[in-house]
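**Student:** Below is target_6.cif; it holds mmCIF, C-alpha atoms.
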```
data_run
#
loop_
_atom_site.group_PDB
_atom_site.id
_atom_site.type_symbol
_atom_site.label_atom_id
_atom_site.label_comp_id
_atom_site.auth_asym_id
_atom_site.auth_seq_id
_atom_site.Cartn_x
_atom_site.Cartn_y
_atom_site.Cartn_z
ATOM 1 C CA MET G 241 0.000 0.000 0.000
ATOM 2 C CA THR G 242 1.376 3.402 -0.929
ATOM 3 C CA LYS G 243 1.760 6.255 1.535
ATOM 4 C CA GLU G 244 -1.056 8.101 -0.223
ATOM 5 C CA MET G 245 -3.416 5.176 0.178
ATOM 6 C CA GLN G 246 -2.596 5.085 3.920
ATOM 7 C CA ALA G 247 -3.431 8.770 4.304
ATOM 8 C CA THR G 248 -6.643 10.135 5.797
ATOM 9 C CA VAL G 249 -8.909 12.732 4.212
ATOM 10 C CA HIS G 250 -10.664 14.863 6.836
ATOM 11 C CA VAL G 251 -13.974 16.067 5.398
ATOM 12 C CA ILE G 252 -15.378 19.130 7.187
ATOM 13 C CA ASP G 253 -18.835 20.284 6.060
ATOM 14 C CA ASP G 254 -22.073 21.166 7.866
ATOM 15 C CA ASP G 255 -24.137 19.302 5.227
ATOM 16 C CA GLU G 256 -24.503 15.745 6.525
ATOM 17 C CA SER G 257 -25.711 14.308 3.220
ATOM 18 C CA LEU G 258 -22.739 15.817 1.402
ATOM 19 C CA ARG G 259 -20.316 14.495 4.023
ATOM 20 C CA THR G 260 -21.739 11.028 3.497
ATOM 21 C CA ALA G 261 -21.504 11.299 -0.291
ATOM 22 C CA LEU G 262 -17.917 12.544 -0.147
ATOM 23 C CA ALA G 263 -16.946 9.798 2.285
ATOM 24 C CA ARG G 264 -18.326 7.178 -0.097
ATOM 25 C CA LEU G 265 -16.605 8.699 -3.116
ATOM 26 C CA LEU G 266 -13.236 8.979 -1.408
ATOM 27 C CA GLY G 267 -13.599 5.585 0.221
ATOM 28 C CA ALA G 268 -14.306 4.007 -3.160
ATOM 29 C CA ALA G 269 -11.002 5.503 -4.326
ATOM 30 C CA GLY G 270 -9.231 3.603 -1.546
ATOM 31 C CA LEU G 271 -8.774 6.506 0.859
ATOM 32 C CA GLU G 272 -9.383 6.556 4.590
ATOM 33 C CA VAL G 273 -11.993 9.196 5.446
ATOM 34 C CA ARG G 274 -13.115 10.933 8.624
ATOM 35 C CA THR G 275 -15.990 13.404 8.660
ATOM 36 C CA TYR G 276 -16.738 16.414 10.856
ATOM 37 C CA SER G 277 -19.793 18.658 11.065
ATOM 38 C CA GLY G 278 -17.758 21.846 11.425
ATOM 39 C CA ALA G 279 -14.442 23.429 12.318
ATOM 40 C CA GLY G 280 -15.131 23.118 16.042
ATOM 41 C CA ASP G 281 -15.945 19.426 15.705
ATOM 42 C CA PHE G 282 -12.673 18.902 13.843
ATOM 43 C CA LEU G 283 -10.554 20.760 16.410
ATOM 44 C CA LEU G 284 -12.117 18.775 19.255
ATOM 45 C CA ASN G 285 -11.648 15.365 17.657
ATOM 46 C CA TRP G 286 -8.589 15.583 15.405
ATOM 47 C CA HIS G 287 -5.347 14.183 16.756
ATOM 48 C CA GLU G 288 -2.173 14.565 14.726
ATOM 49 C CA GLY G 289 -1.100 11.245 13.324
ATOM 50 C CA GLY G 290 -0.444 10.021 9.822
ATOM 51 C CA ALA G 291 -0.397 11.842 6.532
ATOM 52 C CA GLY G 292 -3.525 13.313 5.035
ATOM 53 C CA CYS G 293 -5.351 16.459 4.017
ATOM 54 C CA ILE G 294 -8.460 18.466 4.836
ATOM 55 C CA LEU G 295 -11.419 18.818 2.473
ATOM 56 C CA LEU G 296 -13.016 21.956 3.839
ATOM 57 C CA ASP G 297 -16.181 23.962 3.317
ATOM 58 C CA VAL G 298 -15.900 27.748 3.556
ATOM 59 C CA ASP G 299 -19.198 28.860 5.086
ATOM 60 C CA MET G 300 -20.280 26.804 8.104
ATOM 61 C CA PRO G 301 -22.853 28.425 10.430
ATOM 62 C CA GLY G 302 -22.496 28.188 14.187
ATOM 63 C CA GLY G 303 -18.734 28.166 14.468
ATOM 64 C CA PRO G 304 -15.417 29.131 12.882
ATOM 65 C CA SER G 305 -15.537 29.410 9.093
ATOM 66 C CA GLY G 306 -13.364 27.338 6.813
ATOM 67 C CA THR G 307 -11.022 30.253 6.176
ATOM 68 C CA GLU G 308 -10.700 30.907 9.922
ATOM 69 C CA LEU G 309 -9.814 27.257 10.470
ATOM 70 C CA GLN G 310 -7.226 27.407 7.677
ATOM 71 C CA GLN G 311 -5.620 30.470 9.278
ATOM 72 C CA ALA G 312 -5.541 28.808 12.694
ATOM 73 C CA LEU G 313 -3.996 25.593 11.363
ATOM 74 C CA ALA G 314 -1.392 27.512 9.346
ATOM 75 C CA GLN G 315 0.306 28.457 12.630
ATOM 76 C CA ARG G 316 1.060 24.810 13.376
ATOM 77 C CA ALA G 317 4.106 22.874 12.155
ATOM 78 C CA ASP G 318 1.925 19.789 11.676
ATOM 79 C CA ALA G 319 -0.765 21.579 9.632
ATOM 80 C CA LEU G 320 -2.444 19.411 7.023
ATOM 81 C CA PRO G 321 -2.848 20.742 3.463
ATOM 82 C CA VAL G 322 -6.295 22.186 2.757
ATOM 83 C CA VAL G 323 -8.535 21.724 -0.276
ATOM 84 C CA PHE G 324 -11.582 23.999 -0.167
ATOM 85 C CA LEU G 325 -14.903 22.722 -1.494
ATOM 86 C CA THR G 326 -17.675 25.292 -1.311
ATOM 87 C CA GLY G 327 -20.970 26.266 -2.836
ATOM 88 C CA HIS G 328 -20.590 29.932 -1.893
ATOM 89 C CA GLY G 329 -17.185 30.865 -3.231
ATOM 90 C CA ASP G 330 -16.075 33.524 -5.664
ATOM 91 C CA ILE G 331 -12.853 34.298 -7.524
ATOM 92 C CA GLY G 332 -11.588 36.710 -4.874
ATOM 93 C CA MET G 333 -12.191 34.212 -2.107
ATOM 94 C CA GLY G 334 -10.418 31.510 -4.094
ATOM 95 C CA VAL G 335 -7.412 33.731 -4.746
ATOM 96 C CA ASP G 336 -7.136 34.597 -1.039
ATOM 97 C CA ALA G 337 -7.383 30.927 -0.075
ATOM 98 C CA ILE G 338 -4.620 29.898 -2.483
ATOM 99 C CA LYS G 339 -2.402 32.774 -1.331
ATOM 100 C CA SER G 340 -2.922 31.565 2.234
ATOM 101 C CA GLY G 341 -1.635 28.118 1.293
ATOM 102 C CA ALA G 342 -4.671 26.138 0.140
ATOM 103 C CA VAL G 343 -3.869 23.451 -2.414
ATOM 104 C CA ASP G 344 -7.042 24.112 -4.409
ATOM 105 C CA PHE G 345 -10.370 25.926 -4.253
ATOM 106 C CA LEU G 346 -13.210 23.883 -5.746
ATOM 107 C CA THR G 347 -16.874 24.747 -6.121
ATOM 108 C CA LYS G 348 -19.899 22.506 -5.663
ATOM 109 C CA PRO G 349 -20.910 20.474 -7.525
ATOM 110 C CA VAL G 350 -17.459 19.153 -8.353
ATOM 111 C CA GLU G 351 -16.473 16.476 -10.854
ATOM 112 C CA ARG G 352 -15.146 13.273 -9.318
ATOM 113 C CA ASP G 353 -11.823 13.322 -11.178
ATOM 114 C CA CYS G 354 -11.213 16.967 -10.322
ATOM 115 C CA LEU G 355 -11.865 16.333 -6.644
ATOM 116 C CA LEU G 356 -9.659 13.239 -6.489
ATOM 117 C CA ALA G 357 -6.835 15.008 -8.314
ATOM 118 C CA ALA G 358 -6.877 17.855 -5.784
ATOM 119 C CA VAL G 359 -7.005 15.454 -2.846
ATOM 120 C CA HIS G 360 -4.126 13.349 -4.149
ATOM 121 C CA THR G 361 -2.069 16.491 -4.774
ATOM 122 C CA ALA G 362 -2.687 17.619 -1.190
ATOM 123 C CA ILE G 363 -1.778 14.205 0.231
ATOM 124 C CA ALA G 364 1.403 14.048 -1.852
ATOM 125 C CA GLN G 365 2.318 17.504 -0.534
ATOM 126 C CA ASP G 366 1.818 16.360 3.045
ATOM 127 C CA CYS G 367 3.869 13.186 2.490
ATOM 128 C CA ALA G 368 6.704 15.283 1.059
ATOM 129 C CA ARG G 369 6.559 17.636 4.069
ATOM 130 C CA ARG G 370 6.738 14.730 6.488
ATOM 131 C CA GLU G 371 9.667 13.148 4.661
ATOM 132 C CA ALA G 372 11.545 16.468 4.691
ATOM 133 C CA GLN G 373 10.897 16.918 8.413
ATOM 134 C CA ALA G 374 12.054 13.364 9.127
ATOM 135 C CA LYS G 375 15.237 14.024 7.155
ATOM 136 C CA GLU G 376 15.868 17.228 9.100
ATOM 137 C CA ARG G 377 15.473 15.340 12.390
ATOM 138 C CA GLU G 378 17.846 12.654 11.153
ATOM 139 C CA LEU G 379 20.481 15.217 10.148
ATOM 140 C CA GLN G 380 20.148 17.055 13.449
ATOM 141 C CA ALA G 381 20.573 13.792 15.368
ATOM 142 C CA SER G 382 23.699 12.972 13.351
ATOM 143 C CA TYR G 383 25.107 16.425 14.063
ATOM 144 C CA GLU G 384 24.434 16.070 17.793
ATOM 145 C CA SER G 385 26.279 12.722 17.743
ATOM 146 C CA LEU G 386 29.504 14.482 16.698
ATOM 147 C CA SER G 387 32.152 15.082 19.339
ATOM 148 C CA PRO G 388 33.103 18.716 20.063
ATOM 149 C CA ARG G 389 36.270 18.360 17.965
ATOM 150 C CA GLU G 390 34.345 16.688 15.116
ATOM 151 C CA LYS G 391 31.933 19.629 15.123
ATOM 152 C CA GLU G 392 34.855 22.026 14.831
ATOM 153 C CA VAL G 393 36.245 20.075 11.897
ATOM 154 C CA PHE G 394 32.809 19.854 10.282
ATOM 155 C CA VAL G 395 32.349 23.630 10.424
ATOM 156 C CA GLN G 396 35.752 24.312 8.898
ATOM 157 C CA VAL G 397 35.452 21.632 6.221
ATOM 158 C CA ALA G 398 32.015 22.979 5.278
ATOM 159 C CA ALA G 399 33.603 26.450 4.992
ATOM 160 C CA GLY G 400 35.935 25.069 2.328
ATOM 161 C CA ARG G 401 39.150 25.062 4.342
ATOM 162 C CA LEU G 402 41.885 22.547 3.563
ATOM 163 C CA ASN G 403 42.926 19.837 6.012
ATOM 164 C CA LYS G 404 46.310 21.455 6.615
ATOM 165 C CA GLN G 405 44.644 24.821 7.304
ATOM 166 C CA ILE G 406 42.261 23.230 9.792
ATOM 167 C CA ALA G 407 45.134 21.354 11.442
ATOM 168 C CA TYR G 408 47.038 24.600 11.879
ATOM 169 C CA ASP G 409 44.019 26.393 13.360
ATOM 170 C CA LEU G 410 43.279 23.566 15.797
ATOM 171 C CA GLY G 411 46.908 22.918 16.709
ATOM 172 C CA THR G 412 47.052 19.336 15.516
ATOM 173 C CA CYS G 413 48.365 17.316 12.575
ATOM 174 C CA GLU G 414 46.784 16.865 9.169
ATOM 175 C CA ARG G 415 46.405 13.114 9.681
ATOM 176 C CA THR G 416 44.234 13.729 12.740
ATOM 177 C CA ILE G 417 42.034 16.137 10.799
ATOM 178 C CA LYS G 418 41.599 13.564 8.044
ATOM 179 C CA ALA G 419 40.488 11.030 10.648
ATOM 180 C CA HIS G 420 37.981 13.460 12.157
ATOM 181 C CA ARG G 421 36.700 14.363 8.691
ATOM 182 C CA ALA G 422 36.192 10.693 7.834
ATOM 183 C CA LYS G 423 34.320 10.172 11.112
ATOM 184 C CA VAL G 424 32.049 13.153 10.403
ATOM 185 C CA MET G 425 31.134 11.786 6.976
ATOM 186 C CA GLU G 426 30.550 8.338 8.463
ATOM 187 C CA LYS G 427 28.124 9.693 11.049
ATOM 188 C CA PHE G 428 26.199 11.554 8.351
ATOM 189 C CA HIS G 429 26.236 8.454 6.138
ATOM 190 C CA ILE G 430 27.720 10.311 3.174
ATOM 191 C CA HIS G 431 30.704 9.732 0.891
ATOM 192 C CA GLN G 432 31.130 12.972 -1.042
ATOM 193 C CA PHE G 433 32.422 16.331 0.155
ATOM 194 C CA VAL G 434 29.649 18.203 -1.672
ATOM 195 C CA ASP G 435 27.055 16.405 0.470
ATOM 196 C CA LEU G 436 28.735 17.774 3.573
ATOM 197 C CA ILE G 437 28.319 21.299 2.229
ATOM 198 C CA LYS G 438 24.623 20.656 1.555
ATOM 199 C CA ILE G 439 24.113 19.312 5.079
ATOM 200 C CA ALA G 440 25.821 22.332 6.625
ATOM 201 C CA THR G 441 23.515 24.586 4.609
ATOM 202 C CA ARG G 442 20.384 22.676 5.658
ATOM 203 C CA LEU G 443 21.429 22.783 9.311
ATOM 204 C CA ASP G 444 22.383 26.451 8.990
ATOM 205 C CA ILE G 445 25.866 25.706 10.291
ATOM 206 C CA GLU G 446 28.308 28.572 9.950
#
```
As a first step, turn the structure in this file into structure tokens.
**Tutor:**
Amino acid sequence: MTKEMQATVHVIDDDESLRTALARLLGAAGLEVRTYSGAGDFLLNWHEGGAGCILLDVDMPGGPSGTELQQALAQRADALPVVFLTGHGDIGMGVDAIKSGAVDFLTKPVERDCLLAAVHTAIAQDCARREAQAKERELQASYESLSPREKEVFVQVAAGRLNKQIAYDLGTCERTIKAHRAKVMEKFHIHQFVDLIKIATRLDIE
């Protein structure tokens, strides 16, 4: 099963019949679906877990609107991508939603293929975000595993300094610097110098 097929689509709409129809459509496409009657219902019952996206109505009486929910979720590092599906939208509203980070802004009634395409795009975006975050955590853990001297060597190597220059600065021999450099690359699981530069950039190491 692919990561996308393991993802969950969170359908938020105050129209119960539409929620049911969307759940059936998405379920028939092999997706896990959870439904909510409004933004408040979602916030009370959603717990961050696996990958997914939110299929969100804009105008929902009796609670936060879809756009208000989008703005609230945007402040979180674990925010799920949003696809708006509304019967009361206009061009200006759609433009604002996209500028605020929505993956798409669809109007009811929506064609099946159009809806599924938007949902799969949103899920793929979330999977990519999670993979990037996992990689960042992995790199940070590798960096923290370096000894103080290995960190010093890493910084200077990433700055483009030669082994003999680093040895002079640190008051040691070139052979020792080569050994530290090899250990740094081993802990980051890399084999090429250029990858070390990329890692330093991603970790914002100066």
**Student:** Would you kindly return, as a PDB file with C-alpha atoms, in the frame of the given file, each protein, DNA or RNA residue with an atom no farther than 12 Å from any atom of G:Arg264, considering all atoms listed in the file and excluding same-chain residues fewer than 5 positions away?
**Tutor:**
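Result file is selection_34.pdb:
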```pdb
ATOM      1  CA  VAL G 249      -8.909  12.732   4.212  1.00  0.00           C
ATOM      2  CA  VAL G 251     -13.974  16.067   5.398  1.00  0.00           C
ATOM      3  CA  SER G 257     -25.711  14.308   3.220  1.00  0.00           C
ATOM      4  CA  LEU G 258     -22.739  15.817   1.402  1.00  0.00           C
ATOM      5  CA  ARG G 259     -20.316  14.495   4.023  1.00  0.00           C
ATOM      6  CA  ALA G 269     -11.002   5.503  -4.326  1.00  0.00           C
ATOM      7  CA  GLY G 270      -9.231   3.603  -1.546  1.00  0.00           C
ATOM      8  CA  LEU G 271      -8.774   6.506   0.859  1.00  0.00           C
ATOM      9  CA  GLU G 272      -9.383   6.556   4.590  1.00  0.00           C
ATOM     10  CA  VAL G 273     -11.993   9.196   5.446  1.00  0.00           C
ATOM     11  CA  ARG G 274     -13.115  10.933   8.624  1.00  0.00           C
ATOM     12  CA  THR G 275     -15.990  13.404   8.660  1.00  0.00           C
ATOM     13  CA  ARG G 352     -15.146  13.273  -9.318  1.00  0.00           C
TER      14      ARG G 352
END
```
**Student:** Would you kindly return, as a list of chain:residue names, each protein, DNA or RNA residue with an atom no farther than 10 Å from any atom of G:Ser305, considering all atoms listed in the file and excluding same-chain residues fewer than 6 positions away?
**Tutor:** G:Gly278, G:Ala279, G:Gly280, G:Leu296, G:Asp297, G:Val298, G:Asp299, G:Gln311
**Student:** Smallest atom-to-atom distance to G:Gly400: which of G:Leu309, G:Ala268, G:Leu436, G:Ala247, using all atoms listed in the file?
**Tutor:**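 With all atoms listed in the file as the atom set, the closest residue is G:Leu436.
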**Student:** Report as an MDAnalysis selection string the full result of the PyMOL selection byres ((chain G and resi 306) around 12) when it is applied to this structure.
**Tutor:** chainID G and resid 251:254 277:280 282:283 294:305 307:313 322:326 328:329 333 337 342 345
**Student:** Give me, please, the distance in Å between atom CA of G:Asp330 and atom CA of G:Leu262, quoted to one decimal.
**Tutor:** 21.8 Å
**Student:** Can you list, as an NGL selection string, every protein, DNA or RNA residue that comes within 12 Å of G:Lys375 when you count all atoms listed in the file, leaving out same-chain residues fewer than 5 positions away?
**Tutor:** :G and (368-370 or 380-382 or 428 or 439 or 442-443)
**Student:** Compile the contact shell of G:Ser385 as a ChimeraX atom specification: residues with an atom at most 12 Å away, counting all atoms listed in the file, same-chain residues fewer than 2 positions apart removed.
**Tutor:** /G:378-383,387-391,423-428
**Student:** Can you write out the residues you just picked, keeping C-alpha atoms, as a short mmCIF file (atom, residue, chain, number, x, y, z; two decimals), keeping the file's coordinate frame?
**Tutor:**
```
data_model
loop_
_atom_site.label_atom_id
_atom_site.label_comp_id
_atom_site.auth_asym_id
_atom_site.auth_seq_id
_atom_site.Cartn_x
_atom_site.Cartn_y
_atom_site.Cartn_z
CA GLU G 378 17.85 12.65 11.15
CA LEU G 379 20.48 15.22 10.15
CA GLN G 380 20.15 17.06 13.45
CA ALA G 381 20.57 13.79 15.37
CA SER G 382 23.70 12.97 13.35
CA TYR G 383 25.11 16.42 14.06
CA SER G 387 32.15 15.08 19.34
CA PRO G 388 33.10 18.72 20.06
CA ARG G 389 36.27 18.36 17.96
CA GLU G 390 34.34 16.69 15.12
CA LYS G 391 31.93 19.63 15.12
CA LYS G 423 34.32 10.17 11.11
CA VAL G 424 32.05 13.15 10.40
CA MET G 425 31.13 11.79 6.98
CA GLU G 426 30.55 8.34 8.46
CA LYS G 427 28.12 9.69 11.05
CA PHE G 428 26.20 11.55 8.35
#
```
**Student:** Just so the selection is clear, what residues does the PyMOL selection byres ((chain G and resi 358) around 9) cover here, as a ChimeraX atom specification?
**Tutor:** /G:323,343-346,353-357,359-363
**Student:** What's around G:Glu288 at 10 Å? Count only C-alpha atoms, leave out sequence neighbours fewer than 3 positions away in its own chain, and write the answer as a list in words.
**Tutor:**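 Near G:Glu288, the qualifying residues are Asn285, Ala291, Gly292, Asp318, Ala319 and Leu320 of chain G.
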**Student:** For atom CA of G:Ile445 and atom CA of G:Val395, quote the distance in Å rounded to one decimal.
**Tutor:**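 Going from atom CA of G:Ile445 over to atom CA of G:Val395, I get 6.8 Å.
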**Student:** Check the smallest atom-to-atom distance from each of G:Glu256, G:Asp444, G:Ala422, G:Ala374 to G:Ala399 using all atoms listed in the file, then report the winner.
**Tutor:**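 Nearest to G:Ala399: G:Asp444.
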**Student:** Point out the residue among G:Leu402, G:Ser340, G:Gly289, G:Ile430 with the least atom-to-atom distance to G:Lys418, counting all atoms listed in the file.
**Tutor:**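 Once distances to G:Lys418 are computed over all atoms listed in the file, the minimum belongs to G:Leu402.
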**Student:** Which residue out of G:Gly411, G:Gly327, G:Pro349, G:Pro321 has the minimum interatomic distance to G:Ala261 when all atoms listed in the file are used?
**Tutor:**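 Counting all atoms listed in the file, the residue closest to G:Ala261 is G:Pro349.
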**Student:** Go ahead and compute the interatomic distance for atom CA of G:Glu376 and atom CA of G:Leu410, in Å to one decimal.
**Tutor:**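 One can read the atom CA of G:Glu376 to atom CA of G:Leu410 distance as 28.9 Å.
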